[in-house]
$ cat input_30.txt   # compact mmCIF, C-alpha atoms
# COMPACT_ATOMS: atom_id res chain seq x y z
CA MET A 1 0.00 0.00 0.00
CA LYS A 2 1.37 3.40 -0.89
CA HIS A 3 2.36 5.18 2.26
CA LEU A 4 -0.09 7.47 3.94
CA LEU A 5 2.06 10.39 4.98
CA GLY A 6 4.12 10.41 1.79
CA THR A 7 0.89 10.55 -0.21
CA LEU A 8 -0.43 13.40 1.91
CA LEU A 9 2.77 15.38 1.52
CA LEU A 10 2.77 14.89 -2.24
CA LEU A 11 -0.88 15.75 -2.71
CA ALA A 12 -0.88 18.63 -0.27
CA THR A 13 2.21 20.42 -1.59
CA LEU A 14 1.40 24.09 -1.43
CA PRO A 15 2.34 27.05 -3.65
CA ALA A 16 4.88 29.64 -2.65
CA ALA A 17 3.90 32.00 0.12
CA PRO A 18 2.18 35.24 -0.80
CA ALA A 19 3.93 38.51 -0.07
CA PHE A 20 1.89 39.18 3.06
CA ALA A 21 2.51 35.75 4.61
CA GLN A 22 2.55 35.45 8.39
CA THR A 23 5.97 34.94 9.94
CA ALA A 24 5.23 34.94 13.69
CA CYS A 25 3.58 31.52 13.99
CA THR A 26 5.01 29.21 16.65
CA PRO A 27 4.64 25.41 16.38
CA GLY A 28 2.23 24.02 18.94
CA THR A 29 -1.35 22.96 19.58
CA TYR A 30 -3.83 25.69 20.46
CA ALA A 31 -7.23 25.05 22.02
CA ALA A 32 -10.50 26.92 22.25
CA PRO A 33 -12.58 26.86 25.46
CA ASP A 34 -15.11 24.54 23.80
CA GLY A 35 -12.47 21.90 23.01
CA ASP A 36 -11.81 22.80 19.40
CA PHE A 37 -8.14 22.98 18.50
CA VAL A 38 -5.62 23.65 15.77
CA VAL A 39 -2.21 21.97 15.41
CA LEU A 40 0.70 23.92 13.90
CA VAL A 41 3.82 21.96 12.89
CA LYS A 42 6.80 22.32 10.62
CA SER A 43 6.41 20.42 7.37
CA PRO A 44 8.70 19.75 4.39
CA ALA A 45 5.70 20.56 2.19
CA VAL A 46 5.52 24.13 3.51
CA ALA A 47 8.34 26.60 2.88
CA ALA A 48 9.79 28.17 6.03
CA PRO A 49 8.80 30.13 7.97
CA GLY A 50 5.35 28.76 7.19
CA LEU A 51 3.78 25.93 9.20
CA ARG A 52 1.25 23.23 8.41
CA TYR A 53 -2.02 23.66 10.29
CA MET A 54 -4.85 21.23 10.96
CA PHE A 55 -8.11 21.90 12.80
CA ARG A 56 -10.16 19.28 14.62
CA ASP A 57 -12.76 19.46 11.84
CA GLY A 58 -10.13 18.44 9.26
CA ARG A 59 -9.36 21.77 7.62
CA ARG A 60 -5.71 21.78 6.62
CA GLY A 61 -3.32 24.13 4.94
CA ALA A 62 -0.34 26.37 5.54
CA THR A 63 -0.02 29.52 7.60
CA THR A 64 1.27 31.13 4.40
CA ASP A 65 -2.02 30.59 2.55
CA ALA A 66 -3.89 33.69 1.47
CA ASP A 67 -7.09 32.43 3.11
CA VAL A 68 -5.57 30.98 6.30
CA PRO A 69 -8.37 30.98 8.94
CA LEU A 70 -6.17 31.96 11.87
CA THR A 71 -3.83 34.71 12.95
CA CYS A 72 -0.72 33.95 14.94
CA GLY A 73 0.00 36.03 17.99
CA THR A 74 2.67 36.02 20.65
CA GLY A 75 2.08 32.76 22.45
CA ASP A 76 -1.42 32.15 21.10
CA VAL A 77 -3.51 32.22 17.92
CA ALA A 78 -6.68 34.05 16.98
CA VAL A 79 -9.49 32.26 15.21
CA GLY A 80 -12.19 34.73 14.31
CA ASP A 81 -12.50 37.04 17.30
CA LYS A 82 -11.36 34.41 19.84
CA ARG A 83 -7.90 33.78 21.26
CA TRP A 84 -6.87 30.12 21.50
CA ALA A 85 -4.24 29.25 24.12
CA PRO A 86 -1.44 26.68 23.71
CA ILE A 87 -1.79 23.23 25.28
CA ALA A 88 1.17 22.42 27.50
CA PHE A 89 1.83 18.85 26.46
CA ARG A 90 4.46 16.80 28.22
CA GLU A 91 6.69 15.32 25.51
CA THR A 92 9.18 12.64 26.48
CA PRO A 93 11.66 11.16 23.98
CA ALA A 94 12.07 7.41 24.28
CA THR A 95 13.97 4.44 22.94
CA PHE A 96 13.09 0.77 23.01
CA ASP A 97 14.47 -2.47 21.63
CA SER A 98 12.59 -4.71 19.24
CA VAL A 99 14.00 -7.86 17.67
CA GLY A 100 17.55 -6.67 18.26
CA THR A 101 16.90 -3.21 16.87
CA LYS A 102 16.97 0.13 18.69
CA MET A 103 13.84 2.14 17.98
CA THR A 104 13.05 5.78 18.76
CA GLY A 105 9.78 7.37 19.74
CA VAL A 106 8.10 10.19 21.63
CA LEU A 107 5.39 10.05 24.27
CA ILE A 108 2.92 12.97 24.13
CA GLU A 109 0.78 13.46 27.25
CA PRO A 110 -1.93 16.04 27.89
CA PRO A 111 -1.52 18.18 31.02
CA GLY A 112 -2.19 16.54 34.38
CA ASN A 113 -1.97 12.97 35.67
CA ASP A 114 -5.19 11.13 34.92
CA ALA A 115 -5.03 7.45 35.86
CA LYS A 116 -7.94 6.71 33.52
CA ARG A 117 -6.60 8.53 30.47
CA PRO A 118 -6.41 6.27 27.39
CA LEU A 119 -3.03 5.50 25.87
CA VAL A 120 -2.66 4.84 22.15
CA VAL A 121 0.32 3.73 20.07
CA MET A 122 0.10 5.04 16.52
CA VAL A 123 1.01 2.38 13.95
CA HIS A 124 1.60 4.34 10.80
CA GLY A 125 1.47 3.36 7.15
CA SER A 126 4.24 2.28 4.81
CA GLU A 127 5.84 5.71 4.64
CA ARG A 128 9.56 6.21 5.18
CA THR A 129 9.06 9.63 6.77
CA SER A 130 9.00 10.15 10.52
CA PRO A 131 5.62 10.66 12.21
CA ILE A 132 7.34 12.32 15.16
CA GLY A 133 6.39 15.97 15.18
CA GLY A 134 3.48 15.40 12.79
CA VAL A 135 -0.07 16.66 13.19
CA TYR A 136 -1.83 13.40 13.98
CA GLY A 137 -0.17 12.61 17.30
CA TYR A 138 -0.91 16.10 18.59
CA ALA A 139 -4.48 15.95 17.28
CA MET A 140 -5.09 12.83 19.38
CA ALA A 141 -3.37 14.31 22.45
CA ALA A 142 -5.42 17.51 22.12
CA GLN A 143 -8.50 15.38 22.74
CA GLY A 144 -7.32 13.99 26.06
CA ILE A 145 -5.36 10.90 24.97
CA SER A 146 -1.76 10.00 25.71
CA VAL A 147 -0.04 9.17 22.43
CA PHE A 148 3.13 7.26 21.62
CA VAL A 149 4.55 7.77 18.13
CA TYR A 150 7.68 6.07 16.88
CA ASP A 151 9.87 5.81 13.82
CA LYS A 152 9.54 2.57 11.91
CA ARG A 153 12.69 0.51 11.64
CA GLY A 154 15.05 1.94 9.06
CA THR A 155 13.38 5.37 9.14
CA GLY A 156 13.91 8.55 11.15
CA GLY A 157 15.97 7.82 14.26
CA SER A 158 15.26 4.08 14.37
CA GLU A 159 17.91 1.58 13.42
CA GLY A 160 17.53 -1.46 11.20
CA GLU A 161 16.44 -1.79 7.59
CA TYR A 162 13.16 -0.50 6.18
CA THR A 163 10.75 -3.34 5.55
CA GLN A 164 7.10 -4.06 4.86
CA ASN A 165 7.14 -7.43 6.59
CA PHE A 166 3.96 -7.35 8.65
CA GLU A 167 5.24 -9.92 11.14
CA LEU A 168 8.34 -7.88 11.98
CA LEU A 169 6.44 -4.58 12.02
CA ALA A 170 3.88 -6.11 14.39
CA GLU A 171 6.67 -7.10 16.79
CA ASP A 172 7.90 -3.50 16.71
CA ALA A 173 4.41 -2.15 17.45
CA ALA A 174 3.93 -4.60 20.31
CA HIS A 175 7.23 -3.52 21.87
CA ALA A 176 6.23 0.13 21.38
CA LEU A 177 3.06 -0.46 23.40
CA GLY A 178 5.07 -2.13 26.14
CA ARG A 179 7.44 0.83 26.30
CA ALA A 180 4.56 3.33 26.34
CA ARG A 181 2.84 1.45 29.16
CA SER A 182 5.99 1.44 31.28
CA MET A 183 6.50 5.17 30.72
CA THR A 184 2.95 6.01 31.79
CA ALA A 185 2.58 3.61 34.72
CA GLY A 186 -0.05 4.96 37.11
CA ARG A 187 -1.34 7.61 34.71
CA HIS A 188 -3.17 5.73 31.97
CA GLY A 189 -6.27 3.61 31.69
CA ARG A 190 -6.93 1.33 28.77
CA ALA A 191 -4.21 1.11 26.15
CA GLY A 192 -4.20 0.01 22.55
CA PHE A 193 -3.34 0.74 18.95
CA PHE A 194 -4.42 3.01 16.15
CA GLY A 195 -3.42 1.90 12.66
CA GLY A 196 -3.78 3.89 9.47
CA SER A 197 -3.42 2.54 5.93
CA GLN A 198 -0.81 -0.25 6.11
CA GLY A 199 -1.20 0.00 9.88
CA GLY A 200 -4.53 -1.76 9.34
CA TRP A 201 -2.54 -4.89 8.57
CA VAL A 202 0.08 -4.41 11.27
CA ALA A 203 -1.93 -3.23 14.30
CA PRO A 204 -4.27 -6.26 14.56
CA LEU A 205 -1.30 -8.58 14.30
CA ALA A 206 0.49 -6.60 17.02
CA ALA A 207 -2.58 -6.98 19.21
CA THR A 208 -2.20 -10.76 18.98
CA ARG A 209 1.38 -10.43 20.34
CA THR A 210 0.61 -8.27 23.38
CA LYS A 211 -2.40 -7.28 25.45
CA ALA A 212 -4.36 -4.48 23.80
CA ASP A 213 -7.56 -3.08 25.27
CA PHE A 214 -8.71 -1.72 21.91
CA VAL A 215 -7.63 -1.44 18.29
CA ALA A 216 -8.78 1.38 15.99
CA PHE A 217 -8.21 1.65 12.26
CA GLY A 218 -8.55 4.23 9.54
CA PHE A 219 -8.77 3.39 5.83
CA GLY A 220 -7.05 0.01 6.15
CA LEU A 221 -7.82 -3.30 4.49
CA VAL A 222 -9.12 -6.69 5.52
CA ALA A 223 -7.62 -8.15 2.36
CA SER A 224 -4.22 -9.31 1.18
CA PRO A 225 -1.86 -7.11 -0.87
CA ILE A 226 -2.72 -9.25 -3.90
CA GLU A 227 -6.43 -8.68 -3.28
CA GLU A 228 -5.75 -4.96 -2.84
CA ASP A 229 -4.13 -4.87 -6.28
CA ARG A 230 -7.10 -6.67 -7.85
CA GLU A 231 -9.64 -4.37 -6.21
CA GLN A 232 -7.74 -1.30 -7.33
CA MET A 233 -7.89 -2.48 -10.94
CA VAL A 234 -11.57 -3.33 -10.67
CA SER A 235 -12.12 0.18 -9.29
CA GLU A 236 -10.24 1.62 -12.27
CA VAL A 237 -12.34 -0.19 -14.87
CA ARG A 238 -15.56 0.73 -13.08
CA ALA A 239 -14.50 4.38 -12.95
CA ALA A 240 -13.91 4.18 -16.72
CA GLY A 241 -17.46 2.88 -17.24
CA LEU A 242 -16.34 -0.54 -18.46
CA GLY A 243 -18.30 -3.71 -17.89
CA ARG A 244 -18.03 -7.19 -16.43
CA ASP A 245 -15.72 -8.45 -19.16
CA ALA A 246 -13.15 -5.81 -18.22
CA GLU A 247 -13.46 -6.71 -14.55
CA ALA A 248 -12.90 -10.38 -15.39
CA LEU A 249 -9.85 -9.52 -17.49
CA VAL A 250 -8.12 -7.52 -14.75
CA GLY A 251 -9.01 -10.32 -12.35
CA ARG A 252 -7.09 -12.76 -14.55
CA LEU A 253 -4.21 -10.29 -14.71
CA SER A 254 -4.11 -10.18 -10.91
CA ASP A 255 -4.12 -13.99 -10.77
CA ALA A 256 -1.13 -14.11 -13.12
CA THR A 257 0.90 -11.45 -11.36
CA GLY A 258 0.00 -12.97 -8.00
CA LYS A 259 1.46 -16.29 -9.12
CA LEU A 260 4.65 -14.52 -10.16
CA LEU A 261 4.95 -12.74 -6.82
CA LEU A 262 4.22 -15.83 -4.71
CA SER A 263 6.77 -17.90 -6.65
CA GLY A 264 9.53 -15.32 -6.55
CA PHE A 265 9.02 -14.65 -10.28
CA ALA A 266 9.66 -18.29 -11.16
CA GLU A 267 6.11 -19.20 -12.26
CA GLY A 268 3.16 -17.43 -13.88
CA TYR A 269 4.60 -16.41 -17.24
CA THR A 270 2.27 -18.63 -19.28
CA GLU A 271 -0.75 -17.10 -17.57
CA LEU A 272 0.65 -13.59 -17.93
CA ASP A 273 1.27 -14.07 -21.66
CA ALA A 274 -2.33 -15.23 -22.13
CA VAL A 275 -3.65 -12.15 -20.33
CA ARG A 276 -1.36 -9.86 -22.32
CA ALA A 277 -2.79 -11.30 -25.53
CA GLU A 278 -6.31 -10.47 -24.33
CA MET A 279 -5.30 -7.01 -23.17
CA ALA A 280 -3.78 -6.21 -26.57
CA GLY A 281 -7.28 -5.97 -28.03
CA HIS A 282 -8.42 -3.32 -25.57
CA PRO A 283 -6.93 0.20 -25.75
CA TRP A 284 -8.07 0.95 -22.19
CA ALA A 285 -5.89 -1.87 -20.83
CA ALA A 286 -2.72 0.14 -21.41
CA LYS A 287 -3.83 2.55 -18.65
CA ILE A 288 -4.53 -0.09 -16.01
CA ALA A 289 -2.25 0.30 -13.01
CA GLY A 290 -3.41 -1.40 -9.83
CA GLU A 291 -0.81 -1.52 -7.10
CA HIS A 292 1.67 -3.48 -9.21
CA SER A 293 -0.04 -5.54 -11.92
CA GLY A 294 -0.11 -2.86 -14.61
CA ALA A 295 3.63 -2.27 -14.33
CA ILE A 296 4.36 -6.01 -14.32
CA ALA A 297 2.24 -6.58 -17.43
CA ARG A 298 4.16 -3.92 -19.33
CA MET A 299 7.57 -5.46 -18.60
CA SER A 300 9.00 -8.24 -20.77
CA ASN A 301 9.31 -11.73 -19.35
CA GLY A 302 13.08 -11.47 -19.66
CA ALA A 303 13.15 -8.31 -17.60
CA LEU A 304 10.82 -9.81 -15.00
CA ARG A 305 13.07 -12.85 -14.63
CA ARG A 306 16.11 -10.63 -14.20
CA VAL A 307 14.82 -7.81 -12.01
CA GLY A 308 11.21 -8.59 -11.10
CA ARG A 309 11.98 -9.52 -7.51
CA ALA A 310 14.33 -6.57 -7.06
CA ARG A 311 11.71 -4.13 -8.30
CA PHE A 312 8.46 -5.52 -6.91
CA ASP A 313 9.35 -7.92 -4.10
CA ASN A 314 12.32 -6.44 -2.24
CA LEU A 315 10.64 -5.45 1.04
CA GLU A 316 9.44 -8.83 2.38
CA LEU A 317 5.77 -8.03 1.83
CA ILE A 318 3.52 -10.98 2.69
CA TRP A 319 1.56 -11.00 -0.55
CA ASN A 320 -1.14 -13.47 0.50
CA TYR A 321 -1.41 -12.20 4.08
CA ASP A 322 -4.60 -13.39 5.79
CA ALA A 323 -5.80 -10.18 7.44
CA LEU A 324 -9.09 -11.69 8.54
CA ALA A 325 -7.37 -14.45 10.50
CA ALA A 326 -5.66 -11.93 12.77
CA LEU A 327 -8.94 -10.12 13.45
CA LYS A 328 -10.68 -13.38 14.32
CA LYS A 329 -8.13 -13.95 17.08
CA LEU A 330 -8.93 -10.66 18.79
CA ASP A 331 -11.51 -10.14 21.49
CA ALA A 332 -10.65 -6.49 22.12
CA PRO A 333 -13.10 -3.86 20.81
CA LEU A 334 -12.37 -2.80 17.23
CA LEU A 335 -13.15 0.43 15.41
CA TRP A 336 -12.81 0.51 11.63
CA VAL A 337 -13.38 3.72 9.67
CA LEU A 338 -13.78 3.38 5.91
CA ALA A 339 -13.26 5.97 3.19
CA GLY A 340 -16.29 5.49 0.96
CA GLU A 341 -14.52 6.23 -2.36
CA ASP A 342 -11.08 4.86 -1.51
CA ARG A 343 -9.19 4.26 -4.76
CA GLU A 344 -6.00 3.07 -3.09
CA ALA A 345 -7.65 0.66 -0.67
CA PRO A 346 -11.08 -0.18 -2.18
CA ILE A 347 -13.48 -1.13 0.58
CA GLU A 348 -15.78 -3.78 -0.91
CA THR A 349 -14.02 -6.87 0.48
CA THR A 350 -13.09 -5.11 3.71
CA ARG A 351 -16.63 -3.95 4.43
CA GLY A 352 -18.00 -7.44 3.88
CA ALA A 353 -15.39 -9.01 6.15
CA LEU A 354 -16.01 -6.50 8.94
CA LEU A 355 -19.77 -6.87 8.83
CA GLY A 356 -19.28 -10.63 8.91
CA LEU A 357 -17.20 -10.30 12.08
CA ALA A 358 -19.87 -8.12 13.66
CA LYS A 359 -22.58 -10.61 12.74
CA ALA A 360 -20.50 -13.36 14.33
CA GLY A 361 -20.50 -11.45 17.62
CA LYS A 362 -17.12 -9.73 17.51
CA PRO A 363 -17.10 -6.27 19.17
CA VAL A 364 -16.63 -4.37 15.90
CA ASP A 365 -17.81 -0.82 15.21
CA VAL A 366 -17.70 0.14 11.53
CA TYR A 367 -18.18 3.67 10.21
CA LEU A 368 -18.07 4.96 6.66
CA PHE A 369 -17.47 8.52 5.53
CA PRO A 370 -19.01 8.93 2.05
CA GLN A 371 -17.23 10.76 -0.76
CA THR A 372 -13.80 10.43 0.81
CA ASP A 373 -10.62 8.95 -0.59
CA HIS A 374 -7.65 7.25 1.10
CA GLY A 375 -6.57 9.22 4.15
CA MET A 376 -10.18 10.36 4.74
CA TRP A 377 -9.65 13.14 2.24
CA GLU A 378 -12.61 14.92 0.72
CA PHE A 379 -12.03 15.77 -2.93
CA THR A 380 -13.32 17.39 -6.07
CA THR A 381 -13.25 15.61 -9.42
CA GLU A 382 -12.01 17.34 -12.54
CA ALA A 383 -13.37 16.76 -16.04
CA ASN A 384 -10.60 14.24 -16.80
CA GLY A 385 -11.49 12.18 -13.73
CA GLU A 386 -8.54 13.35 -11.66
CA ARG A 387 -9.26 14.03 -8.01
CA GLN A 388 -8.09 17.12 -6.15
CA ILE A 389 -8.06 16.69 -2.40
CA THR A 390 -9.50 19.47 -0.29
CA ARG A 391 -9.56 18.57 3.42
CA ILE A 392 -9.78 15.69 5.86
CA THR A 393 -13.46 15.00 6.32
CA ASP A 394 -15.16 16.66 9.27
CA GLY A 395 -15.85 14.32 12.19
CA TYR A 396 -13.12 11.77 11.49
CA LEU A 397 -10.57 12.96 14.07
CA LYS A 398 -13.24 13.46 16.73
CA LEU A 399 -14.77 10.03 16.10
CA LEU A 400 -11.40 8.34 16.60
CA ALA A 401 -10.77 10.12 19.89
CA ASP A 402 -14.30 9.73 21.26
CA TRP A 403 -14.33 6.01 20.45
CA ILE A 404 -10.97 5.47 22.13
CA LYS A 405 -12.32 7.34 25.18
CA ARG A 406 -15.55 5.27 25.04
CA ASP A 407 -17.53 8.48 24.66
CA VAL A 408 -19.16 8.16 21.22
CA ARG A 409 -22.26 10.30 21.03
CA GLY A 410 -24.16 12.31 18.46
CA THR A 411 -23.09 12.66 14.84
CA TYR A 412 -19.63 12.90 13.29
CA GLY A 413 -19.81 14.94 10.14
CA ARG A 414 -21.32 12.77 7.40
CA ALA A 415 -20.27 9.49 9.02
CA GLU A 416 -22.57 6.50 8.51
CA ARG A 417 -22.52 3.79 11.15
CA LEU A 418 -22.67 0.39 9.42
CA THR A 419 -22.91 -1.80 12.51
CA PRO A 420 -25.72 -1.72 15.09
CA ARG A 421 -25.05 -0.23 18.52
$ encode --input "input_30.txt" --output "structure tokens"
Amino acid sequence: MKHLLGTLLLLATLPAAPAFAQTACTPGTYAAPDGDFVVLVKSPAVAAPGLRYMFRDGRRGATTDADVPLTCGTGDVAVGDKRWAPIAFRETPATFDSVGTKMTGVLIEPPGNDAKRPLVVMVHGSERTSPIGGVYGYAMAAQGISVFVYDKRGTGGSEGEYTQNFELLAEDAAHALGRARSMTAGRHGRAGFFGGSQGGWVAPLAATRTKADFVAFGFGLVASPIEEDREQMVSEVRAAGLGRDAEALVGRLSDATGKLLLSGFAEGYTELDAVRAEMAGHPWAAKIAGEHSGAIARMSNGALRRVGRARFDNLELIWNYDALAALKKLDAPLLWVLAGEDREAPIETTRGALLGLAKAGKPVDVYLFPQTDHGMWEFTTEANGERQITRITDGYLKLLADWIKRDVRGTYGRAERLTPR
């Protein structure tokens, strides 16, 4: 799965600052008396001295934007005619060992010592960028949750080699929760995981390796990486207005490329050649991408034999990973939030699996935000079908925090609850 934060940074790259840009903004999280908040952080997508901002309702941008909805003051910010004061988080750097590797993280705690305060470890996506200092950890902490964020192995300050091996990443997440618990002894209540994107594969597996009181997910999959690729291609042909024959063709392509991947590019060439012959009669097939199948189909067999593994299978991804099996082992409450129009992680198989778990008696709460793409981004669609993201959908951040605090009430933007209460 393409990494979450890298995708956000790419899609949210902002234009150069206007001449009147603010320069006095100080990184921090600022709260209104009613609990609303805005997070200001440094970001490689925003030219200095500008900062990235994110409100609780999902509005995002840069302090250098012409229409920025806040004004930075000395030690506070103004939103409309109200002054919002900074939240004095306690931030504690940490290290921990996992499978012989030294990992780095940061614990973010809201003010005070509340023995019932929830503790969450954030299990991020497949990005190589550090989540430490990012908006999401502070957005959780601003809502009364202690948050532990850490650099994945081989990224940021953590040692080791970058990998997408779910088993190894789950061990890291489990050790992160253990470290966070020890750091907050006597000042936390229930503790668990939040996983976004690829974290939807890793966090449930981590919860089978250590005690977790809850597991929450955003825009993840209950499907294997091979199934993800197939569903992406089916989504592409549906978006193009093509019919069942096209869906069947990309399904056969996924079967062929899946055989190549599972055999280390030793088997599957006969099947791939047959699919290529069928695709040759359809001009639309040249635009099919998926997660990997489109690129594989457009490489020669000779090239695939020489460099296929190096290009497509060099990160120890478990291609036929059984995501549902891990969820079946869990008895802890689960929250799963789906992006209704997710092109990167299509939800059809995932929604069916989750509703099946709920019907079987598992404590699963499933919500769907309509007209959102991967990352819970709202978007507009241009005439050529390209999507332009606008904001994180209203209600998503608050739903996550309220559910973790066991305080879900009322409505959350346009969220639709798919499971009964």
$ closest_residue --input "input_30.txt" --among "A:Ala246, A:Ala31, A:Ala170, A:Ala48" --to "A:Arg83" --atoms "all atoms listed in the file"
A:Ala31
$ closest_residue --input "input_30.txt" --among "A:Glu231, A:Asp394, A:Glu159, A:Asp213" --to "A:Gly105" --atoms "all atoms listed in the file"
A:Glu159
$ residues_near_point --input "input_30.txt" --point "(-5.4, -3.3, 2.2)" --cutoff "12 Å" --atoms "only C-alpha atoms" --output "PyMOL selection string"
chain A and resi 1-3+125-126+195-202+217-232+291+318-324+338+342-351+374
$ closest_residue --input "input_30.txt" --among "A:Leu272, A:Val77, A:Leu260, A:Leu327" --to "A:Ala206" --atoms "only C-alpha atoms"
A:Leu327
$ residues_around --input "input_30.txt" --residues "A:Glu171" --least-positions-apart "2" --cutoff "10 Å" --atoms "all atoms listed in the file" --output "list in words"
Ser98, Val99, Phe166, Glu167, Leu168, Leu169, Ala173, Ala174, His175, Ala176, Val202, Ala203, Leu205, Ala206, Ala207, Thr208, Arg209 and Thr210 of chain A
$ closest_residue --input "input_30.txt" --among "A:Ala289, A:Ala191, A:Val121, A:Leu261" --to "A:Arg309" --atoms "all atoms listed in the file"
A:Leu261
$ closest_atom_pairs --input "input_30.txt" --of "stretch 286-405 of chain A" --to "stretch 240-244 of chain A" --cutoff "12 Å" --atoms "all atoms listed in the file" --output "CSV"
residue,atom,partner,partner_atom,distance
A:Lys287,CA,A:Ala240,CA,10.4
A:Ile288,CA,A:Ala240,CA,10.3
A:Asn384,CA,A:Ala240,CA,10.6
A:Gly385,CA,A:Ala240,CA,8.9
A:Glu386,CA,A:Ala240,CA,11.8
$ closest_residue --input "input_30.txt" --among "A:Gly50, A:Gly395, A:Gly264, A:Pro204" --to "A:Val307" --atoms "all atoms listed in the file"
A:Gly264
$ atom_distance --input "input_30.txt" --atom1 "atom CA of A:Ile132" --atom2 "atom CA of A:Pro44"
13.2 Å
$ closest_residue --input "input_30.txt" --among "A:Arg238, A:Lys102, A:Lys116, A:Lys328" --to "A:Val364" --atoms "all atoms listed in the file"
A:Lys328
$ residues_around --input "input_30.txt" --residues "stretch 274-282 of chain A" --least-positions-apart "6" --cutoff "7 Å" --atoms "all atoms listed in the file" --output "PDB file with C-alpha atoms, in the frame of the given file"
ATOM      1  CA  ARG A 252      -7.090 -12.760 -14.550  1.00  0.00           C
ATOM      2  CA  LEU A 253      -4.210 -10.290 -14.710  1.00  0.00           C
ATOM      3  CA  ALA A 297       2.240  -6.580 -17.430  1.00  0.00           C
TER       4      ALA A 297
END
$ atom_distance --input "input_30.txt" --atom1 "atom CA of A:Val79" --atom2 "atom CA of A:Pro33"
12.0 Å
$ residues_near_point --input "input_30.txt" --point "(-12.2, 0.8, 13.5)" --cutoff "6 Å" --atoms "all atoms listed in the file" --output "PyMOL selection string"
chain A and resi 216-217+334-337+366
$ atom_distance --input "input_30.txt" --atom1 "atom CA of A:Arg406" --atom2 "atom CA of A:Leu418"
17.8 Å
$ build_atoms --input "input_30.txt" --residues "stretch 230-234 of chain A" --atoms "all heavy atoms" --output "short mmCIF file (atom, residue, chain, number, x, y, z; two decimals), in the coordinates of the input"
data_model
loop_
_atom_site.label_atom_id
_atom_site.label_comp_id
_atom_site.auth_asym_id
_atom_site.auth_seq_id
_atom_site.Cartn_x
_atom_site.Cartn_y
_atom_site.Cartn_z
N ARG A 230 -5.96 -6.31 -7.00
CA ARG A 230 -7.10 -6.67 -7.85
C ARG A 230 -8.23 -5.67 -7.69
O ARG A 230 -8.83 -5.22 -8.68
CB ARG A 230 -7.59 -8.08 -7.49
CG ARG A 230 -8.81 -8.53 -8.32
CD ARG A 230 -9.33 -9.88 -7.88
NE ARG A 230 -8.35 -10.93 -8.14
CZ ARG A 230 -7.72 -11.62 -7.20
NH1 ARG A 230 -7.96 -11.36 -5.92
NH2 ARG A 230 -6.85 -12.56 -7.51
N GLU A 231 -8.53 -5.30 -6.44
CA GLU A 231 -9.64 -4.37 -6.21
C GLU A 231 -9.33 -2.98 -6.77
O GLU A 231 -10.24 -2.29 -7.23
CB GLU A 231 -9.96 -4.31 -4.72
CG GLU A 231 -10.57 -5.61 -4.20
CD GLU A 231 -11.18 -5.47 -2.83
OE1 GLU A 231 -11.18 -4.36 -2.27
OE2 GLU A 231 -11.69 -6.48 -2.31
N GLN A 232 -8.08 -2.58 -6.73
CA GLN A 232 -7.74 -1.30 -7.33
C GLN A 232 -8.02 -1.32 -8.83
O GLN A 232 -8.57 -0.35 -9.38
CB GLN A 232 -6.26 -0.98 -7.09
CG GLN A 232 -5.95 -0.48 -5.70
CD GLN A 232 -4.51 0.01 -5.59
OE1 GLN A 232 -3.87 0.32 -6.58
NE2 GLN A 232 -4.00 0.07 -4.37
N MET A 233 -7.65 -2.41 -9.49
CA MET A 233 -7.89 -2.48 -10.94
C MET A 233 -9.37 -2.55 -11.26
O MET A 233 -9.83 -1.94 -12.23
CB MET A 233 -7.13 -3.67 -11.53
CG MET A 233 -5.62 -3.52 -11.49
SD MET A 233 -4.74 -4.76 -12.47
CE MET A 233 -5.09 -6.25 -11.53
N VAL A 234 -10.12 -3.29 -10.47
CA VAL A 234 -11.57 -3.33 -10.67
C VAL A 234 -12.16 -1.93 -10.50
O VAL A 234 -13.03 -1.50 -11.27
CB VAL A 234 -12.23 -4.33 -9.70
CG1 VAL A 234 -13.75 -4.17 -9.70
CG2 VAL A 234 -11.84 -5.76 -10.06
#
